[in-house]
Amino acid sequence: MTDYGHRVIEKIVPKLVFEKKAIVSGFMYGTDQYAHQVCVDNGGKTIAVLGWGINKKLSGYDKNLAEQIVKTGGLLISEWETQEGTNWTFPVRDRIIAALADEVIVTEAAVKSGALITVRDAIKLKRKVWAVPGPITSKTSEGTNNLIANGTAQMYLGETVQQILTFDNPILSILQNETLSTDEIARKLNKPVPEIGSELTILLLSGKIVERSGKYNLSE
């Protein structure tokens, strides 16, 4: 999980908790566990679908997080009792995550990613799929951006998308007069490059801007 992925989870999960929605994830280190942690930290309930047997003893942070989940009214579940976690158990358990969810939100995903297996299962089960756009230079956002581009998922960025797509957006304002790279836009607006990259991705996917040789300008 990248720093961008951290910020996305910190933005999305508290909002879902406030809406009284439970968070379902896979309890693996990285994105899964961070989603569980942010959920319980915000007073929410979360379901952890394990990729190994329920009787396997946990230790360290895994044990601490599991205890927090149960203490706050959440669940740890598995379809196995003593099965060790292996390369095949994690993709298999993804179908349970998709089945328990009403909607699936993909925060980050490479082109070959376990998250995309969950998306495939969610589509079979006719669940709504969302994807968070990321910087077009990020390998961990290639999968999410492709999901949006090919229509498999709807773009998810909370309540900020419409603001980004309006001509009040400062990126669109400065591109009216000149063609700029991501770094140049970030310097002019005094914003972090990853944040600018994410907004550029949304604008590209919406057709409001085009990119040529690393430079951006308004669509004709």
# chains A, B, ... in the order shown; residues from 1 in each chain; ligands from 1
>>> residues_around(residues="stretch 94-110 of chain A", least_positions_apart="4", cutoff="8 Å", atoms="only C-alpha atoms", output="ChimeraX atom specification")
/A:1,5,8-9,24-26,49,90,114-119,121-122,125,127-134,139-144,156
>>> write_last_selection(atoms="N, CA and C atoms", output="mmCIF file, in the first residue's frame")
data_model
loop_
_atom_site.group_PDB
_atom_site.id
_atom_site.type_symbol
_atom_site.label_atom_id
_atom_site.label_comp_id
_atom_site.auth_asym_id
_atom_site.auth_seq_id
_atom_site.Cartn_x
_atom_site.Cartn_y
_atom_site.Cartn_z
ATOM 1 N N MET A 1 0.845 -1.195 0.000
ATOM 2 C CA MET A 1 0.000 0.000 0.000
ATOM 3 C C MET A 1 0.880 1.243 0.000
ATOM 4 N N GLY A 5 -2.591 5.283 -1.001
ATOM 5 C CA GLY A 5 -3.561 4.297 -0.531
ATOM 6 C C GLY A 5 -3.958 4.530 0.923
ATOM 7 N N VAL A 8 -6.379 7.443 0.965
ATOM 8 C CA VAL A 8 -7.683 7.063 0.413
ATOM 9 C C VAL A 8 -8.516 6.337 1.464
ATOM 10 N N ILE A 9 -7.913 5.381 2.158
ATOM 11 C CA ILE A 9 -8.635 4.629 3.194
ATOM 12 C C ILE A 9 -9.068 5.554 4.321
ATOM 13 N N VAL A 24 -16.071 -4.871 5.048
ATOM 14 C CA VAL A 24 -15.672 -6.267 4.845
ATOM 15 C C VAL A 24 -14.335 -6.278 4.116
ATOM 16 N N SER A 25 -13.343 -6.970 4.673
ATOM 17 C CA SER A 25 -12.046 -7.055 4.009
ATOM 18 C C SER A 25 -11.354 -8.362 4.380
ATOM 19 N N GLY A 26 -10.105 -8.508 3.934
ATOM 20 C CA GLY A 26 -9.471 -9.812 3.974
ATOM 21 C C GLY A 26 -8.413 -10.054 5.023
ATOM 22 N N VAL A 49 -12.470 -11.620 6.609
ATOM 23 C CA VAL A 49 -12.593 -12.943 5.994
ATOM 24 C C VAL A 49 -11.185 -13.511 5.841
ATOM 25 N N PHE A 90 -6.167 -17.644 -0.646
ATOM 26 C CA PHE A 90 -6.549 -16.228 -0.624
ATOM 27 C C PHE A 90 -7.467 -15.853 -1.789
ATOM 28 N N GLY A 114 -4.793 -9.199 -6.488
ATOM 29 C CA GLY A 114 -5.830 -9.984 -5.841
ATOM 30 C C GLY A 114 -7.145 -9.242 -5.754
ATOM 31 N N ALA A 115 -7.062 -7.903 -5.669
ATOM 32 C CA ALA A 115 -8.295 -7.105 -5.599
ATOM 33 C C ALA A 115 -9.144 -7.298 -6.845
ATOM 34 N N LEU A 116 -8.494 -7.529 -7.980
ATOM 35 C CA LEU A 116 -9.239 -7.707 -9.225
ATOM 36 C C LEU A 116 -9.955 -9.060 -9.260
ATOM 37 N N ILE A 117 -9.466 -10.011 -8.477
ATOM 38 C CA ILE A 117 -10.180 -11.288 -8.335
ATOM 39 C C ILE A 117 -11.495 -11.043 -7.595
ATOM 40 N N THR A 118 -11.434 -10.225 -6.554
ATOM 41 C CA THR A 118 -12.650 -9.873 -5.823
ATOM 42 C C THR A 118 -13.630 -9.146 -6.731
ATOM 43 N N VAL A 119 -13.119 -8.272 -7.594
ATOM 44 C CA VAL A 119 -13.976 -7.571 -8.551
ATOM 45 C C VAL A 119 -14.671 -8.562 -9.471
ATOM 46 N N ASP A 121 -15.420 -11.658 -8.881
ATOM 47 C CA ASP A 121 -16.455 -12.344 -8.107
ATOM 48 C C ASP A 121 -17.647 -11.430 -7.860
ATOM 49 N N ALA A 122 -17.365 -10.145 -7.598
ATOM 50 C CA ALA A 122 -18.445 -9.192 -7.347
ATOM 51 C C ALA A 122 -19.328 -9.022 -8.582
ATOM 52 N N LEU A 125 -21.698 -11.804 -8.966
ATOM 53 C CA LEU A 125 -22.770 -11.725 -7.978
ATOM 54 C C LEU A 125 -23.623 -10.464 -8.145
ATOM 55 N N ARG A 127 -22.820 -7.337 -7.813
ATOM 56 C CA ARG A 127 -22.567 -6.290 -6.834
ATOM 57 C C ARG A 127 -22.081 -5.031 -7.549
ATOM 58 N N LYS A 128 -22.350 -3.886 -6.970
ATOM 59 C CA LYS A 128 -21.868 -2.627 -7.534
ATOM 60 C C LYS A 128 -20.379 -2.504 -7.241
ATOM 61 N N VAL A 129 -19.600 -2.128 -8.245
ATOM 62 C CA VAL A 129 -18.149 -2.012 -8.091
ATOM 63 C C VAL A 129 -17.713 -0.570 -8.304
ATOM 64 N N TRP A 130 -16.936 -0.071 -7.353
ATOM 65 C CA TRP A 130 -16.342 1.259 -7.440
ATOM 66 C C TRP A 130 -14.827 1.131 -7.498
ATOM 67 N N ALA A 131 -14.161 2.082 -8.111
ATOM 68 C CA ALA A 131 -12.695 2.113 -8.122
ATOM 69 C C ALA A 131 -12.233 3.548 -7.896
ATOM 70 N N VAL A 132 -11.202 3.685 -7.090
ATOM 71 C CA VAL A 132 -10.642 5.007 -6.800
ATOM 72 C C VAL A 132 -9.545 5.294 -7.819
ATOM 73 N N PRO A 133 -9.678 6.333 -8.620
ATOM 74 C CA PRO A 133 -8.623 6.646 -9.592
ATOM 75 C C PRO A 133 -7.347 7.080 -8.882
ATOM 76 N N GLY A 134 -6.218 6.766 -9.488
ATOM 77 C CA GLY A 134 -4.936 7.153 -8.912
ATOM 78 C C GLY A 134 -4.039 7.769 -9.957
ATOM 79 N N LYS A 139 2.026 2.303 -10.629
ATOM 80 C CA LYS A 139 1.718 0.908 -10.971
ATOM 81 C C LYS A 139 0.556 0.378 -10.135
ATOM 82 N N THR A 140 0.429 0.867 -8.887
ATOM 83 C CA THR A 140 -0.634 0.374 -8.010
ATOM 84 C C THR A 140 -1.986 0.994 -8.315
ATOM 85 N N SER A 141 -2.030 1.892 -9.291
ATOM 86 C CA SER A 141 -3.313 2.455 -9.714
ATOM 87 C C SER A 141 -3.682 2.043 -11.148
ATOM 88 N N GLU A 142 -2.816 1.288 -11.804
ATOM 89 C CA GLU A 142 -3.126 0.857 -13.171
ATOM 90 C C GLU A 142 -4.412 0.048 -13.220
ATOM 91 N N GLY A 143 -4.559 -0.862 -12.262
ATOM 92 C CA GLY A 143 -5.749 -1.712 -12.246
ATOM 93 C C GLY A 143 -7.014 -0.926 -12.000
ATOM 94 N N THR A 144 -6.986 0.003 -11.023
ATOM 95 C CA THR A 144 -8.181 0.788 -10.730
ATOM 96 C C THR A 144 -8.536 1.710 -11.900
ATOM 97 N N TYR A 156 -14.842 6.411 -7.911
ATOM 98 C CA TYR A 156 -15.190 6.736 -6.534
ATOM 99 C C TYR A 156 -14.134 7.660 -5.933
#
>>> select_by_dssp(residues="stretch 11-180 of chain A", states="strand (DSSP E)", output="ChimeraX atom specification")
/A:23-25,46-49,75-77,103-106,128-131,154-155,180
>>> atom_distance(atom1="atom CA of A:Glu211", atom2="atom CA of A:Asn190")
21.0 Å
>>> closest_residue(among="A:Asn87, A:Ser113, A:Ser198, A:Gln37", to="A:Ile136", atoms="only C-alpha atoms")
A:Ser198
>>> select_by_dssp(residues="stretch 53-82 of chain A", states="helix (DSSP H, G or I)", output="JSON, numbers by chain")
{"A": [60, 61, 62, 63, 64, 65, 66, 67, 68, 69, 70, 71]}
>>> write_last_selection(atoms="C-alpha atoms", output="CSV table (one decimal), in the first residue's frame")
chain,number,residue,atom,x,y,z
A,60,GLY,CA,1.6,-9.7,17.4
A,61,TYR,CA,-0.3,-7.1,15.5
A,62,ASP,CA,-2.6,-9.7,13.9
A,63,LYS,CA,-3.8,-10.9,17.3
A,64,ASN,CA,-4.2,-7.3,18.6
A,65,LEU,CA,-6.3,-6.3,15.6
A,66,ALA,CA,-8.4,-9.4,15.7
A,67,GLU,CA,-9.2,-8.7,19.4
A,68,GLN,CA,-10.2,-5.1,18.5
A,69,ILE,CA,-12.5,-6.3,15.7
A,70,VAL,CA,-14.3,-8.7,18.0
A,71,LYS,CA,-14.4,-6.3,20.9
>>> residues_around(residues="A:Ile196", least_positions_apart="2", cutoff="12 Å", atoms="only C-alpha atoms", output="PDB file with C-alpha atoms, in the first residue's frame")
ATOM      1  CA  TYR A   4      -1.794   7.535  -1.484  1.00  0.00           C
ATOM      2  CA  PRO A 133      -8.623   6.646  -9.592  1.00  0.00           C
ATOM      3  CA  GLY A 134      -4.936   7.153  -8.912  1.00  0.00           C
ATOM      4  CA  PRO A 135      -1.908   8.798 -10.509  1.00  0.00           C
ATOM      5  CA  ILE A 136      -1.404   7.563 -14.060  1.00  0.00           C
ATOM      6  CA  THR A 137       2.289   7.079 -13.241  1.00  0.00           C
ATOM      7  CA  ILE A 164     -12.751  18.305  -9.691  1.00  0.00           C
ATOM      8  CA  ASN A 169     -10.881  23.532 -10.722  1.00  0.00           C
ATOM      9  CA  PRO A 170      -7.544  25.415 -10.680  1.00  0.00           C
ATOM     10  CA  ILE A 171      -5.925  22.759 -12.886  1.00  0.00           C
ATOM     11  CA  LEU A 172      -8.409  23.445 -15.663  1.00  0.00           C
ATOM     12  CA  LEU A 180       2.103  21.719 -18.459  1.00  0.00           C
ATOM     13  CA  SER A 181       3.507  18.529 -16.935  1.00  0.00           C
ATOM     14  CA  THR A 182       2.334  17.038 -13.624  1.00  0.00           C
ATOM     15  CA  ASP A 183       5.363  18.450 -11.779  1.00  0.00           C
ATOM     16  CA  GLU A 184       4.834  21.904 -13.277  1.00  0.00           C
ATOM     17  CA  ILE A 185       1.164  21.936 -12.273  1.00  0.00           C
ATOM     18  CA  ALA A 186       2.047  20.790  -8.746  1.00  0.00           C
ATOM     19  CA  ARG A 187       4.616  23.593  -8.393  1.00  0.00           C
ATOM     20  CA  LYS A 188       2.236  26.250  -9.687  1.00  0.00           C
ATOM     21  CA  LEU A 189      -0.574  25.153  -7.361  1.00  0.00           C
ATOM     22  CA  ASN A 190       1.750  24.296  -4.446  1.00  0.00           C
ATOM     23  CA  LYS A 191       0.190  20.851  -4.068  1.00  0.00           C
ATOM     24  CA  PRO A 192       1.746  17.373  -3.683  1.00  0.00           C
ATOM     25  CA  VAL A 193       2.488  15.611  -6.976  1.00  0.00           C
ATOM     26  CA  PRO A 194       0.418  12.476  -6.053  1.00  0.00           C
ATOM     27  CA  SER A 198      -4.994  11.757  -9.037  1.00  0.00           C
ATOM     28  CA  GLU A 199      -6.953  14.808 -10.172  1.00  0.00           C
ATOM     29  CA  LEU A 200      -5.353  14.628 -13.613  1.00  0.00           C
ATOM     30  CA  THR A 201      -6.461  10.995 -13.882  1.00  0.00           C
ATOM     31  CA  ILE A 202     -10.072  11.972 -13.178  1.00  0.00           C
ATOM     32  CA  LEU A 203      -9.918  14.787 -15.715  1.00  0.00           C
ATOM     33  CA  TYR A 216      -1.477  18.186 -20.363  1.00  0.00           C
TER      34      TYR A 216
END
